[in-house]
Amino acid sequence: MSDGSVDETLRLDLGARGILGWVASLVDAHARVDTPWRLDEATRALVLGGQAVALSKLEYGALHYLADAAGRVVTRDELLTQVWGQQYGGSNVVDAVIRLLRKKLGPHAAALQTVKGFGYRLVQGREAGFPLPPVSLE
């Protein structure tokens with residue numbers, strides 16, 4: 001500046017999703033209600049409608065990882081590395097676990113989406129085709 005004053009600029013980092021993602025997260029935070037299902041870390045079970053549904057170690061790990069990914073697409077390779085602890089597990093081991101999880105989620109199975117050619121994501125709210133609030137992890 002020509003008057004000798006210092007130009008102070010504030011820069012906000014709104015993350016990879018930008019301003020629209022930030023606003024959407026604010027809207028979602030205000031729209032939260034009790035979830036129809038949750039993961040119980042103590043029993044490592046899916047609690048659906050107040051009833052515990054047993055999950056295998058891999059089912060629990062995959063669902064937990066997808067829930068932590070917050071709607072981000074997770075590749076099969078990423079699930080194999082992070083949940084299975086290996087880089088190759090056969091052609092359909094991840095698909096088989098996802099199929100079992102959908103069965104166990106019952107009416108909420110639509111929240112577990114396949115993103116063709118990429119992997120899977122756990123979606124919430126309108127993206128899932130019905131009002132499913134965010135997943136709570138205990």
# chains A, B, ... in the order shown; residues from 1 in each chain; ligands from 1
call {"tool": "residues_around", "arguments": {"residues": "region 63-77 of chain A", "least_positions_apart": "5", "cutoff": "7 Å", "atoms": "only C-alpha atoms", "output": "PyMOL selection string"}}
result
chain A and resi 87+94+118-123+135
call {"tool": "select_by_dssp", "arguments": {"residues": "region 16-110 of chain A", "states": "helix (DSSP H, G or I)", "output": "PyMOL selection string"}}
result
chain A and resi 18-30+57-68+76-84+93-110
call {"tool": "select_by_dssp", "arguments": {"residues": "region 48-100 of chain A", "states": "strand (DSSP E)", "output": "ChimeraX atom specification"}}
result
/A:48,51-54,74-75
call {"tool": "write_last_selection", "arguments": {"atoms": "C-alpha atoms", "output": "compact mmCIF listing (two decimals), in the first residue's frame"}}
result
# COMPACT_ATOMS: atom_id res chain seq x y z
CA LEU A 48 -29.82 -51.61 14.33
CA GLN A 51 -30.88 -54.75 18.44
CA ALA A 52 -27.26 -55.89 18.27
CA VAL A 53 -26.33 -57.58 15.00
CA ALA A 54 -23.14 -59.64 15.17
CA VAL A 74 -12.69 -45.92 -0.56
CA THR A 75 -11.00 -48.25 -3.03
call {"tool": "closest_residue", "arguments": {"among": "A:Leu80, A:Leu14, A:Ala109, A:Ile19", "to": "Asp95 (chain A)", "atoms": "only C-alpha atoms"}}
result
A:Leu80
call {"tool": "atom_distance", "arguments": {"atom1": "CA of Gly50 (chain A)", "atom2": "CA of Arg102 (chain A)"}}
result
17.7 Å
call {"tool": "atom_distance", "arguments": {"atom1": "CA of Ile98 (chain A)", "atom2": "CA of Glu59 (chain A)"}}
result
7.6 Å
call {"tool": "atom_distance", "arguments": {"atom1": "CA of Gln86 (chain A)", "atom2": "CA of Leu39 (chain A)"}}
result
23.9 Å
